[in-house]
Amino acid sequence: MLDLTEYTYCDVLGQNDNVIVYCWADWCSPCKMFAPIFKEVENESAGIVFTKVNVDEQAHLTMKLNVRSIPTILFYKKGQLRDTIIGATSKDDLLKRIKSIYV
């Protein structure tokens with residue numbers, strides 16, 4: 001899983017067709033519950049670049065992405081935002097959205 005910064009964000013989206021961005025923080029309990037699900041789905045999903053943004057360390061990028069609540073999951077296809085999940089979700093929901101966007 002790639003840690004995004006305000007400096008790598010544009011490059012990652014420009015160089016990869018399928019990108020998922022997970023916005024999180026160390027102090028966020030729902031983020032801690034969701035992190036293993038995100039990692040598990042990453043291991044099961046070929047052809048998608050899974051990234052994460054620590055909102056405390058990357059405040060400017062967080063503002064650019066218009067993230068107002070965490071966890072937030074952003075789904076990009078060919079550089080365009082296609083879907084957003086605000087709050088923790090289930091593995092099944094995450095896989096359904098991946099299938100509808102990227103398959």
# chains A, B, ... in the order shown; residues from 1 in each chain; ligands from 1

$ closest_atom_pairs --of "stretch 36-68 of chain A" --to "stretch 5-14 of chain A" --cutoff "7 Å" --atoms "only C-alpha atoms" --output "CSV"
residue,atom,partner,partner_atom,distance
A:Val53,CA,A:Thr5,CA,6.9
A:Gln58,CA,A:Thr5,CA,6.3
A:His60,CA,A:Glu6,CA,6.8
A:Leu61,CA,A:Glu6,CA,5.0

$ residues_around --residues "stretch 29-42 of chain A" --least-positions-apart "4" --cutoff "10 Å" --atoms "only C-alpha atoms" --output "PDB file with N, CA and C atoms, in the first residue's frame"
ATOM      1  N   MET A   1       0.858  -1.171   0.000  1.00  0.00           N
ATOM      2  CA  MET A   1       0.000   0.000   0.000  1.00  0.00           C
ATOM      3  C   MET A   1       0.903   1.233   0.000  1.00  0.00           C
ATOM      4  N   ILE A  20      -7.368   3.586  -5.568  1.00  0.00           N
ATOM      5  CA  ILE A  20      -8.253   3.782  -4.415  1.00  0.00           C
ATOM      6  C   ILE A  20      -7.444   4.493  -3.337  1.00  0.00           C
ATOM      7  N   TYR A  22      -7.447   5.811   0.563  1.00  0.00           N
ATOM      8  CA  TYR A  22      -8.033   5.618   1.898  1.00  0.00           C
ATOM      9  C   TYR A  22      -7.497   6.717   2.809  1.00  0.00           C
ATOM     10  N   CYS A  23      -8.366   7.595   3.272  1.00  0.00           N
ATOM     11  CA  CYS A  23      -7.990   8.702   4.154  1.00  0.00           C
ATOM     12  C   CYS A  23      -8.287   8.298   5.590  1.00  0.00           C
ATOM     13  N   TRP A  24      -7.289   8.440   6.456  1.00  0.00           N
ATOM     14  CA  TRP A  24      -7.371   7.893   7.803  1.00  0.00           C
ATOM     15  C   TRP A  24      -6.540   8.736   8.770  1.00  0.00           C
ATOM     16  N   ALA A  25      -6.612   8.382  10.053  1.00  0.00           N
ATOM     17  CA  ALA A  25      -5.773   8.981  11.106  1.00  0.00           C
ATOM     18  C   ALA A  25      -5.538   7.943  12.198  1.00  0.00           C
ATOM     19  N   ALA A  46      -6.213  -7.449  -7.994  1.00  0.00           N
ATOM     20  CA  ALA A  46      -5.118  -7.151  -8.924  1.00  0.00           C
ATOM     21  C   ALA A  46      -5.523  -5.992  -9.837  1.00  0.00           C
ATOM     22  N   GLY A  47      -4.538  -5.240 -10.267  1.00  0.00           N
ATOM     23  CA  GLY A  47      -4.786  -4.174 -11.225  1.00  0.00           C
ATOM     24  C   GLY A  47      -5.288  -2.872 -10.634  1.00  0.00           C
ATOM     25  N   ILE A  48      -5.304  -2.777  -9.308  1.00  0.00           N
ATOM     26  CA  ILE A  48      -5.747  -1.561  -8.629  1.00  0.00           C
ATOM     27  C   ILE A  48      -4.630  -1.121  -7.683  1.00  0.00           C
ATOM     28  N   VAL A  49      -4.321   0.155  -7.702  1.00  0.00           N
ATOM     29  CA  VAL A  49      -3.316   0.699  -6.790  1.00  0.00           C
ATOM     30  C   VAL A  49      -4.046   1.189  -5.537  1.00  0.00           C
ATOM     31  N   PHE A  50      -3.737   0.587  -4.405  1.00  0.00           N
ATOM     32  CA  PHE A  50      -4.330   0.958  -3.123  1.00  0.00           C
ATOM     33  C   PHE A  50      -3.376   1.934  -2.431  1.00  0.00           C
ATOM     34  N   THR A  51      -3.913   3.079  -2.031  1.00  0.00           N
ATOM     35  CA  THR A  51      -3.102   4.105  -1.395  1.00  0.00           C
ATOM     36  C   THR A  51      -3.778   4.560  -0.110  1.00  0.00           C
ATOM     37  N   LYS A  52      -3.002   5.257   0.715  1.00  0.00           N
ATOM     38  CA  LYS A  52      -3.586   5.817   1.937  1.00  0.00           C
ATOM     39  C   LYS A  52      -3.012   7.201   2.188  1.00  0.00           C
ATOM     40  N   ILE A  70     -13.525  11.059   8.462  1.00  0.00           N
ATOM     41  CA  ILE A  70     -12.743   9.856   8.212  1.00  0.00           C
ATOM     42  C   ILE A  70     -13.359   8.674   8.940  1.00  0.00           C
ATOM     43  N   PRO A  71     -13.130   7.492   8.420  1.00  0.00           N
ATOM     44  CA  PRO A  71     -12.429   7.205   7.184  1.00  0.00           C
ATOM     45  C   PRO A  71     -13.223   7.637   5.947  1.00  0.00           C
ATOM     46  N   THR A  72     -12.496   7.987   4.905  1.00  0.00           N
ATOM     47  CA  THR A  72     -13.068   8.263   3.594  1.00  0.00           C
ATOM     48  C   THR A  72     -12.289   7.443   2.580  1.00  0.00           C
ATOM     49  N   ILE A  73     -13.012   6.806   1.674  1.00  0.00           N
ATOM     50  CA  ILE A  73     -12.398   6.012   0.610  1.00  0.00           C
ATOM     51  C   ILE A  73     -12.829   6.632  -0.714  1.00  0.00           C
ATOM     52  N   GLY A  87     -16.994   6.947   6.018  1.00  0.00           N
ATOM     53  CA  GLY A  87     -17.232   6.038   7.132  1.00  0.00           C
ATOM     54  C   GLY A  87     -16.741   4.647   6.785  1.00  0.00           C
ATOM     55  N   ALA A  88     -16.586   3.833   7.804  1.00  0.00           N
ATOM     56  CA  ALA A  88     -16.145   2.452   7.599  1.00  0.00           C
ATOM     57  C   ALA A  88     -17.234   1.683   6.873  1.00  0.00           C
ATOM     58  N   THR A  89     -16.827   0.688   6.118  1.00  0.00           N
ATOM     59  CA  THR A  89     -17.776  -0.133   5.378  1.00  0.00           C
ATOM     60  C   THR A  89     -17.356  -1.592   5.479  1.00  0.00           C
ATOM     61  N   SER A  90     -18.181  -2.457   4.947  1.00  0.00           N
ATOM     62  CA  SER A  90     -17.898  -3.892   4.996  1.00  0.00           C
ATOM     63  C   SER A  90     -17.019  -4.304   3.815  1.00  0.00           C
ATOM     64  N   LYS A  91     -16.424  -5.460   3.945  1.00  0.00           N
ATOM     65  CA  LYS A  91     -15.629  -6.022   2.855  1.00  0.00           C
ATOM     66  C   LYS A  91     -16.519  -6.245   1.635  1.00  0.00           C
ATOM     67  N   ASP A  92     -17.717  -6.752   1.844  1.00  0.00           N
ATOM     68  CA  ASP A  92     -18.638  -7.003   0.729  1.00  0.00           C
ATOM     69  C   ASP A  92     -18.969  -5.722  -0.022  1.00  0.00           C
ATOM     70  N   LEU A  94     -17.186  -2.947  -0.154  1.00  0.00           N
ATOM     71  CA  LEU A  94     -15.979  -2.494  -0.836  1.00  0.00           C
ATOM     72  C   LEU A  94     -15.749  -3.299  -2.116  1.00  0.00           C
ATOM     73  N   LEU A  95     -15.902  -4.603  -2.049  1.00  0.00           N
ATOM     74  CA  LEU A  95     -15.721  -5.446  -3.233  1.00  0.00           C
ATOM     75  C   LEU A  95     -16.776  -5.166  -4.305  1.00  0.00           C
ATOM     76  N   ILE A  98     -15.774  -1.971  -6.040  1.00  0.00           N
ATOM     77  CA  ILE A  98     -14.622  -2.225  -6.905  1.00  0.00           C
ATOM     78  C   ILE A  98     -15.070  -2.908  -8.185  1.00  0.00           C
TER      79      ILE A  98
END

$ select_by_dssp --residues "stretch 23-67 of chain A" --states "strand (DSSP E)" --output "PyMOL selection string"
chain A and resi 23-24+49-54

$ select_by_dssp --residues "chain A" --states "alpha helix (DSSP H)" --output "PyMOL selection string"
chain A and resi 9-15+29-44+59-64+91-102

$ atom_distance --atom1 "atom CA of A:Ser100" --atom2 "atom CA of A:Arg82"
10.1 Å

$ closest_residue --among "A:Ser45, A:Ile101, A:Val55, A:Asp3" --to "A:Phe75" --atoms "only C-alpha atoms"
A:Ile101

$ closest_residue --among "A:Val21, A:Gln15, A:Ile85, A:Lys99" --to "A:Thr62" --atoms "only C-alpha atoms"
A:Val21
